[in-house]
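K.L.:
See upload_36.txt below, with compact mmCIF, C-alpha atoms and all ligand atoms.
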# COMPACT_ATOMS: atom_id res chain seq x y z
CA MET A 213 140.19 140.76 70.44
CA ARG A 214 137.48 140.42 73.06
CA PRO A 215 136.87 137.12 74.77
CA TYR A 216 134.04 135.05 73.30
CA PRO A 217 130.90 136.97 74.42
CA ARG A 218 128.87 134.20 75.99
CA GLU A 219 126.34 136.76 77.21
CA LEU A 220 125.07 137.09 73.63
CA GLU A 221 123.90 133.46 73.63
CA HIS A 222 120.23 132.67 74.06
CA ASP A 223 117.58 130.28 72.84
CA VAL A 224 114.68 131.15 70.58
CA VAL A 225 111.49 129.32 69.70
CA LEU A 226 110.45 129.61 66.08
CA PRO A 227 106.81 129.51 65.04
CA GLY A 228 105.86 125.84 65.23
CA GLU A 229 107.74 125.41 68.52
CA THR A 230 111.13 124.69 66.95
CA ARG A 231 113.78 125.59 69.51
CA CYS A 232 117.04 127.12 68.21
CA HIS A 233 120.11 128.63 69.74
CA VAL A 234 121.59 132.06 68.94
CA ARG A 235 125.28 132.53 69.63
CA PRO A 236 128.35 134.38 68.38
CA ILE A 237 130.15 132.66 65.53
CA ARG A 238 133.30 130.65 66.31
CA PRO A 239 136.24 129.46 64.20
CA ASP A 240 134.95 125.89 64.45
CA ASP A 241 131.81 126.95 62.52
CA ALA A 242 133.86 126.82 59.30
CA GLY A 243 132.44 123.50 58.12
CA GLY A 244 128.89 124.38 59.17
CA LEU A 245 129.05 127.72 57.42
CA ALA A 246 130.25 126.11 54.18
CA VAL A 247 127.34 123.64 54.29
CA PHE A 248 124.85 126.37 55.21
CA HIS A 249 125.93 128.49 52.26
CA ALA A 250 126.03 125.59 49.80
CA ARG A 251 122.42 124.72 50.73
CA LEU A 252 121.13 128.25 50.06
CA SER A 253 119.02 128.66 46.96
CA ALA A 254 120.80 130.39 44.10
CA ARG A 255 118.42 133.31 44.64
CA SER A 256 119.27 133.74 48.34
CA ALA A 257 123.01 133.54 47.67
CA TYR A 258 122.61 136.11 44.88
CA LEU A 259 120.66 138.49 47.12
CA ARG A 260 123.34 138.21 49.81
CA PHE A 261 126.39 138.62 47.56
CA PHE A 262 124.90 140.49 44.58
CA THR A 263 126.37 137.89 42.24
CA VAL A 264 126.10 134.19 41.51
CA HIS A 265 127.89 132.66 44.46
CA PRO A 266 127.25 128.94 44.97
CA GLU A 267 130.17 128.29 47.33
CA LEU A 268 132.14 130.30 49.85
CA SER A 269 135.87 130.44 49.17
CA ALA A 270 138.34 129.30 51.83
CA SER A 271 139.29 132.92 52.50
CA GLU A 272 135.66 133.95 52.90
CA ILE A 273 135.08 131.13 55.39
CA GLU A 274 138.18 132.17 57.29
CA ARG A 275 137.11 135.83 57.37
CA PHE A 276 133.49 135.12 58.25
CA THR A 277 134.27 132.72 61.09
CA HIS A 278 137.18 134.64 62.62
CA VAL A 279 135.80 137.79 64.22
CA ASP A 280 137.15 139.83 67.10
CA TYR A 281 133.70 140.17 68.79
CA ASP A 282 134.27 143.91 68.87
CA GLU A 283 134.94 145.60 65.52
CA ARG A 284 133.52 142.53 63.79
CA LEU A 285 130.77 140.38 65.21
CA ALA A 286 128.62 137.65 63.72
CA LEU A 287 125.74 135.82 65.34
CA VAL A 288 124.56 132.44 64.10
CA VAL A 289 121.28 130.66 64.67
CA VAL A 290 121.79 126.94 65.23
CA LEU A 291 119.15 124.24 64.88
CA GLY A 292 120.45 120.89 66.08
CA SER A 293 123.95 120.91 64.65
CA ALA A 294 123.09 122.99 61.58
CA LEU A 295 123.48 126.72 61.06
CA ILE A 296 120.24 128.22 59.75
CA ALA A 297 121.08 131.93 59.79
CA VAL A 298 123.93 134.39 60.11
CA GLY A 299 123.82 138.10 60.91
CA ARG A 300 126.96 140.18 61.13
CA TYR A 301 128.34 143.63 61.47
CA ASP A 302 131.73 144.95 60.39
CA ARG A 303 132.80 148.28 61.77
CA LEU A 304 133.88 150.74 59.09
CA PRO A 305 137.47 151.95 59.56
CA ASP A 306 137.94 154.90 61.93
CA SER A 307 134.25 155.45 62.45
CA SER A 308 131.40 154.63 64.79
CA GLU A 309 129.47 153.05 61.91
CA ALA A 310 129.22 149.37 61.03
CA GLU A 311 127.82 147.58 58.01
CA VAL A 312 125.31 144.81 58.70
CA ALA A 313 124.32 141.82 56.56
CA PHE A 314 122.03 138.86 57.05
CA VAL A 315 121.31 135.54 55.45
CA VAL A 316 118.72 133.01 56.55
CA SER A 317 118.33 129.51 55.11
CA ASP A 318 115.46 129.39 52.67
CA GLU A 319 113.20 127.12 54.74
CA TYR A 320 113.45 129.43 57.78
CA GLN A 321 112.90 132.77 56.06
CA HIS A 322 109.84 134.77 57.19
CA HIS A 323 110.05 133.43 60.74
CA GLY A 324 111.38 136.67 62.22
CA ILE A 325 115.01 135.52 62.39
CA ALA A 326 116.66 138.46 60.61
CA THR A 327 114.63 140.89 62.72
CA LEU A 328 115.76 139.15 65.89
CA LEU A 329 119.41 139.17 64.76
CA LEU A 330 119.17 142.87 63.90
CA ASP A 331 117.88 143.62 67.42
CA ASP A 332 120.67 141.52 68.98
CA LEU A 333 123.42 142.98 66.79
CA ALA A 334 122.28 146.55 67.43
CA LEU A 335 122.40 146.04 71.19
CA ALA A 336 125.84 144.39 71.05
CA ALA A 337 127.16 147.09 68.69
CA LEU A 338 125.94 149.89 70.93
CA GLN A 339 127.77 148.29 73.84
CA ARG A 340 130.92 148.37 71.68
CA GLY A 341 130.71 152.06 70.82
CA ILE A 342 129.01 151.75 67.44
CA THR A 343 126.24 154.28 66.93
CA THR A 344 125.06 153.73 63.37
CA PHE A 345 124.38 150.78 61.10
CA THR A 346 124.68 150.88 57.34
CA ALA A 347 123.63 148.23 54.83
CA SER A 348 123.42 147.66 51.11
CA ALA A 349 120.69 145.65 49.49
CA LEU A 350 119.56 145.08 45.96
CA ALA A 351 116.52 147.21 45.20
CA GLU A 352 114.61 144.05 44.31
CA ASN A 353 115.27 142.64 47.81
CA VAL A 354 111.98 143.79 49.25
CA THR A 355 112.15 141.38 52.20
CA MET A 356 115.47 142.78 53.41
CA LEU A 357 114.36 146.37 52.90
CA ARG A 358 111.18 145.70 54.86
CA VAL A 359 113.09 144.11 57.75
CA PHE A 360 114.98 147.38 58.14
CA SER A 361 112.02 149.67 57.57
CA HIS A 362 109.81 147.70 60.00
CA SER A 363 112.50 147.47 62.67
CA GLY A 364 111.54 150.75 64.33
CA PHE A 365 114.93 152.29 63.57
CA ASN A 366 114.87 155.61 61.76
CA VAL A 367 116.15 154.35 58.40
CA SER A 368 117.38 156.65 55.61
CA LEU A 369 117.60 155.17 52.13
CA SER A 370 119.33 156.20 48.96
CA ARG A 371 119.24 154.37 45.67
CA ASP A 372 121.99 154.06 43.11
CA HIS A 373 120.81 152.04 40.11
CA GLU A 374 120.05 148.55 41.44
CA THR A 375 121.45 149.04 44.93
CA VAL A 376 119.83 150.65 47.93
CA SER A 377 122.05 152.02 50.71
CA LEU A 378 120.55 152.23 54.17
CA ARG A 379 121.75 154.06 57.24
CA PHE A 380 120.24 154.37 60.69
CA PRO A 381 121.23 155.29 64.23
CA ILE A 382 120.95 152.33 66.61
CA GLU A 383 120.54 154.26 69.85
CA PRO A 384 117.02 153.22 70.88
CA ASP A 385 114.47 156.00 70.62
CA ASP A 386 110.77 155.90 71.49
CA GLN A 387 109.83 154.59 68.05
CA TYR A 388 112.32 151.71 68.25
CA ARG A 389 111.39 150.91 71.85
CA ALA A 390 107.72 150.72 70.85
CA ALA A 391 108.48 148.45 67.87
CA LEU A 392 110.67 146.20 70.02
CA ALA A 393 108.05 146.08 72.77
CA ALA A 394 105.42 145.13 70.19
CA ARG A 395 107.65 142.30 68.92
CA ARG A 396 108.38 141.05 72.42
CA GLY A 397 104.78 141.59 73.58
CA ALA A 398 103.42 139.70 70.61
CA LEU A 399 105.62 136.77 71.45
CA THR A 400 104.48 136.81 75.05
CA HIS A 401 100.91 136.48 73.81
CA GLY A 402 101.99 134.77 70.61
CA SER A 403 100.33 132.16 68.49
CA SER A 404 102.00 129.59 66.28
CA HIS A 405 101.92 132.23 63.54
CA GLY A 406 103.28 134.90 65.81
CA PRO A 407 106.80 136.20 66.00
CA ILE A 408 109.79 134.27 67.11
CA GLY A 409 109.93 133.61 70.86
CA ARG A 410 113.03 134.69 72.67
CA ILE A 411 114.29 132.83 75.72
CA ASP A 412 116.92 134.81 77.56
CA PRO A 413 119.62 132.90 79.42
CA SER A 414 118.42 134.50 82.64
CA CYS A 415 114.97 132.92 82.26
C1 LIG B 501 116.39 139.05 53.64
C2 LIG B 501 116.42 137.99 54.73
C3 LIG B 501 117.76 138.10 55.46
C4 LIG B 501 115.28 138.27 55.72
O1 LIG B 501 115.34 137.30 56.74
P1 LIG B 501 114.04 136.74 57.46
O2 LIG B 501 114.47 135.99 58.64
O3 LIG B 501 113.20 136.07 56.47
O4 LIG B 501 113.35 138.12 57.91
P2 LIG B 501 112.15 138.25 58.97
O5 LIG B 501 111.46 136.95 59.08
O6 LIG B 501 112.66 138.90 60.19
O7 LIG B 501 111.23 139.30 58.25
C5 LIG B 501 110.71 139.00 56.97
C6 LIG B 501 109.18 139.07 56.97
O8 LIG B 501 108.67 137.93 57.63
C7 LIG B 501 107.67 138.36 58.54
N1 LIG B 501 107.53 137.35 59.60
C8 LIG B 501 108.19 137.29 60.75
N2 LIG B 501 107.75 136.25 61.47
C9 LIG B 501 106.80 135.65 60.74
C10 LIG B 501 105.97 134.53 60.93
N3 LIG B 501 106.02 133.81 62.03
N4 LIG B 501 105.10 134.21 59.94
C11 LIG B 501 105.03 134.92 58.81
N5 LIG B 501 105.80 136.00 58.57
C12 LIG B 501 106.66 136.35 59.53
C13 LIG B 501 108.20 139.67 59.00
O9 LIG B 501 107.18 140.45 59.60
C14 LIG B 501 108.64 140.26 57.70
O10 LIG B 501 107.50 140.72 56.99
P3 LIG B 501 107.37 142.20 56.47
O11 LIG B 501 108.20 142.23 55.26
O12 LIG B 501 105.94 142.36 56.20
O13 LIG B 501 107.88 143.07 57.57
C15 LIG B 501 116.23 136.57 54.16
O14 LIG B 501 115.08 136.57 53.37
C16 LIG B 501 117.42 136.10 53.36
O15 LIG B 501 118.31 135.47 53.89
N6 LIG B 501 117.44 136.41 52.05
C17 LIG B 501 118.55 136.01 51.21
C18 LIG B 501 119.83 136.76 51.57
C19 LIG B 501 119.61 138.26 51.61
O16 LIG B 501 118.80 138.81 50.89
N7 LIG B 501 120.40 138.93 52.47
C20 LIG B 501 120.36 140.35 52.58
C21 LIG B 501 121.63 140.91 52.02
S1 LIG B 501 121.73 142.66 52.32
Translate this structure into structure tokens?
P.N.:
Amino acid sequence: MRPYPRELEHDVVLPGETRCHVRPIRPDDAGGLAVFHARLSARSAYLRFFTVHPELSASEIERFTHVDYDERLALVVVLGSALIAVGRYDRLPDSSEAEVAFVVSDEYQHHGIATLLLDDLALAALQRGITTFTASALAENVTMLRVFSHSGFNVSLSRDHETVSLRFPIEPDDQYRAALAARRGALTHGSSHGPIGRIDPSC
């Protein structure tokens, strides 16, 4: 297990000037994660877990909040004392691939949070020897599919009935760098409807 990676912490400003904090998940997020999940709409929980899932079980909370910050990493977005989003990767056994998943509280969807978490997770994963992300999403989950396809990563998709499997290398190429620069550039010149504003700890 790696030490808690404090270097992954930073603040973000959501459209509307709401300031949030991004940080790796910790075991003491158990209560906050349970509340976050219980407050999700039935639709959001369904899209995340592919089934009706109103509450996280004790074992899910344990697994989701206890990560080794290496093979398994989760980042949370915190507003005040409440979690408003979680993005995670889990490395697949004996491979350099990891599966990613995201969930954002309903009132903060479409603020650029999943895109930001994907950028952060990809950078952290690369630093930990992971080269490729995979994901599964329901075919009806257009928002999630568009987050991946608009990320700038070179995403391959395959569909099996109602599920879409995605796979993409996370080593930045020119296309990803341009997409990332556009996101960051837009926030530099951003408006209240612009993308999320990132505040790095070094700033
Ligand atoms: C799917 C999900 C994770 C996406 O999270 P999100 O934070 O809403 O995603 P983003 O905001 O980064 O991107 C969504 C859209 O909002 C847009 N957006 C970003 N900032 C915006 C802003 N300030 N104003 C308006 N739209 C904005 C993005 O451009 C994107 O639009 P696009 O589809 O045209 O590219 C979220 O909807 C969710 O939690 N859904 C339920 C759970 C789920 O489906 N999980 C996935 C399981 S695989």
K.L.:
I want to know what sits within 12 Å of Arg284 of chain A, based on all atoms listed in the file, with residues of the same chain fewer than 5 positions away left out; could you give that as an NGL selection string?
P.N.:
:A and (213-214 or 236-237 or 275-279 or 299-305 or 309-313 or 333 or 336-337 or 340 or 342)
K.L.:
Just give me the gap between atom CA of Val290 of chain A and atom C12 of ligand LIG 501 (chain B) in Å, one decimal is fine.
P.N.:
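Separation of atom CA of Val290 of chain A and atom C12 of ligand LIG 501 (chain B): 18.7 Å.
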K.L.:
Where does segment 224-315 of chain A meet segment 356-362 of chain A within 12 Å, residue by residue, with the nearest atom pair and distance in Å to one decimal for each, counting only C-alpha atoms, listed by chain and rising number, as CSV?
P.N.:
residue,atom,partner,partner_atom,distance
A:Ser256,CA,A:Met356,CA,11.0
A:Leu259,CA,A:Met356,CA,9.2
A:Arg260,CA,A:Met356,CA,9.8
A:Val312,CA,A:Phe360,CA,10.7
A:Ala313,CA,A:Met356,CA,9.4
A:Phe314,CA,A:Met356,CA,8.5
A:Val315,CA,A:Met356,CA,9.5
K.L.:
Give me, as JSON lines, the closest atom pair and its distance (Å, one decimal) for every residue of chain A within a cut-off of 7 Å of ligand LIG 501 (chain B), counting all atoms listed in the file, rows sorted by chain and rising number.
P.N.:
{"residue": "A:Pro227", "atom": "CA", "partner": "B:LIG501", "partner_atom": "N3", "distance": 5.3}
{"residue": "A:Ser256", "atom": "CA", "partner": "B:LIG501", "partner_atom": "C17", "distance": 3.7}
{"residue": "A:Ala257", "atom": "CA", "partner": "B:LIG501", "partner_atom": "C18", "distance": 6.0}
{"residue": "A:Leu259", "atom": "CA", "partner": "B:LIG501", "partner_atom": "O16", "distance": 4.2}
{"residue": "A:Arg260", "atom": "CA", "partner": "B:LIG501", "partner_atom": "C21", "distance": 3.9}
{"residue": "A:Phe261", "atom": "CA", "partner": "B:LIG501", "partner_atom": "C21", "distance": 6.9}
{"residue": "A:Ala313", "atom": "CA", "partner": "B:LIG501", "partner_atom": "S1", "distance": 5.0}
{"residue": "A:Phe314", "atom": "CA", "partner": "B:LIG501", "partner_atom": "C3", "distance": 4.6}
{"residue": "A:Val315", "atom": "CA", "partner": "B:LIG501", "partner_atom": "O15", "distance": 3.4}
{"residue": "A:Val316", "atom": "CA", "partner": "B:LIG501", "partner_atom": "O15", "distance": 3.6}
{"residue": "A:Ser317", "atom": "CA", "partner": "B:LIG501", "partner_atom": "O15", "distance": 6.1}
{"residue": "A:Asp318", "atom": "CA", "partner": "B:LIG501", "partner_atom": "O15", "distance": 6.8}
{"residue": "A:Tyr320", "atom": "CA", "partner": "B:LIG501", "partner_atom": "O2", "distance": 6.7}
{"residue": "A:Gln321", "atom": "CA", "partner": "B:LIG501", "partner_atom": "O3", "distance": 3.3}
{"residue": "A:His322", "atom": "CA", "partner": "B:LIG501", "partner_atom": "O5", "distance": 3.3}
{"residue": "A:His323", "atom": "CA", "partner": "B:LIG501", "partner_atom": "N2", "distance": 3.7}
{"residue": "A:Gly324", "atom": "CA", "partner": "B:LIG501", "partner_atom": "O5", "distance": 3.2}
{"residue": "A:Ile325", "atom": "CA", "partner": "B:LIG501", "partner_atom": "O2", "distance": 3.8}
{"residue": "A:Ala326", "atom": "CA", "partner": "B:LIG501", "partner_atom": "O2", "distance": 3.8}
{"residue": "A:Thr327", "atom": "CA", "partner": "B:LIG501", "partner_atom": "O6", "distance": 3.8}
{"residue": "A:Leu328", "atom": "CA", "partner": "B:LIG501", "partner_atom": "O6", "distance": 6.5}
{"residue": "A:Ala347", "atom": "CA", "partner": "B:LIG501", "partner_atom": "S1", "distance": 6.4}
{"residue": "A:Ser348", "atom": "CA", "partner": "B:LIG501", "partner_atom": "S1", "distance": 5.4}
{"residue": "A:Ala349", "atom": "CA", "partner": "B:LIG501", "partner_atom": "S1", "distance": 4.2}
{"residue": "A:Asn353", "atom": "CA", "partner": "B:LIG501", "partner_atom": "O16", "distance": 6.1}
{"residue": "A:Thr355", "atom": "CA", "partner": "B:LIG501", "partner_atom": "C1", "distance": 5.0}
{"residue": "A:Met356", "atom": "CA", "partner": "B:LIG501", "partner_atom": "C1", "distance": 3.8}
{"residue": "A:Arg358", "atom": "CA", "partner": "B:LIG501", "partner_atom": "O11", "distance": 4.6}
{"residue": "A:Val359", "atom": "CA", "partner": "B:LIG501", "partner_atom": "O7", "distance": 5.2}
{"residue": "A:His362", "atom": "CA", "partner": "B:LIG501", "partner_atom": "O13", "distance": 5.6}
{"residue": "A:His405", "atom": "CA", "partner": "B:LIG501", "partner_atom": "N3", "distance": 4.6}
{"residue": "A:Gly406", "atom": "CA", "partner": "B:LIG501", "partner_atom": "N3", "distance": 4.8}
{"residue": "A:Pro407", "atom": "CA", "partner": "B:LIG501", "partner_atom": "N2", "distance": 4.6}
{"residue": "A:Ile408", "atom": "CA", "partner": "B:LIG501", "partner_atom": "N2", "distance": 6.3}
K.L.:
Output the selection as a compact mmCIF listing (two decimals), in the coordinates of the input - C-alpha atoms for each residue.
P.N.:
# COMPACT_ATOMS: atom_id res chain seq x y z
CA PRO A 227 106.81 129.51 65.04
CA SER A 256 119.27 133.74 48.34
CA ALA A 257 123.01 133.54 47.67
CA LEU A 259 120.66 138.49 47.12
CA ARG A 260 123.34 138.21 49.81
CA PHE A 261 126.39 138.62 47.56
CA ALA A 313 124.32 141.82 56.56
CA PHE A 314 122.03 138.86 57.05
CA VAL A 315 121.31 135.54 55.45
CA VAL A 316 118.72 133.01 56.55
CA SER A 317 118.33 129.51 55.11
CA ASP A 318 115.46 129.39 52.67
CA TYR A 320 113.45 129.43 57.78
CA GLN A 321 112.90 132.77 56.06
CA HIS A 322 109.84 134.77 57.19
CA HIS A 323 110.05 133.43 60.74
CA GLY A 324 111.38 136.67 62.22
CA ILE A 325 115.01 135.52 62.39
CA ALA A 326 116.66 138.46 60.61
CA THR A 327 114.63 140.89 62.72
CA LEU A 328 115.76 139.15 65.89
CA ALA A 347 123.63 148.23 54.83
CA SER A 348 123.42 147.66 51.11
CA ALA A 349 120.69 145.65 49.49
CA ASN A 353 115.27 142.64 47.81
CA THR A 355 112.15 141.38 52.20
CA MET A 356 115.47 142.78 53.41
CA ARG A 358 111.18 145.70 54.86
CA VAL A 359 113.09 144.11 57.75
CA HIS A 362 109.81 147.70 60.00
CA HIS A 405 101.92 132.23 63.54
CA GLY A 406 103.28 134.90 65.81
CA PRO A 407 106.80 136.20 66.00
CA ILE A 408 109.79 134.27 67.11
K.L.:
Which residue gives the smallest distance to Arg218 of chain A among A:Cys232, A:Val289, A:Tyr281, A:Gly243, with all atoms listed in the file counted?
P.N.:
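Distance minimum relative to Arg218 of chain A lands on A:Tyr281.
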K.L.:
Mind pulling up the distance from atom CA of Ala254 of chain A to atom CA of Ser269 of chain A?
P.N.:
15.9 Å
K.L.:
Enter the distance from atom CA of Glu383 of chain A to atom CA of Leu226 of chain A, in Å, rounded to one decimal.
P.N.:
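Distance between the two atoms: 26.9 Å.
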K.L.:
Have a look at A:Phe380, A:Phe248, A:Tyr216, A:Tyr258 and name the one nearest to Asp280 of chain A; count all atoms listed in the file.
P.N.:
A:Tyr216
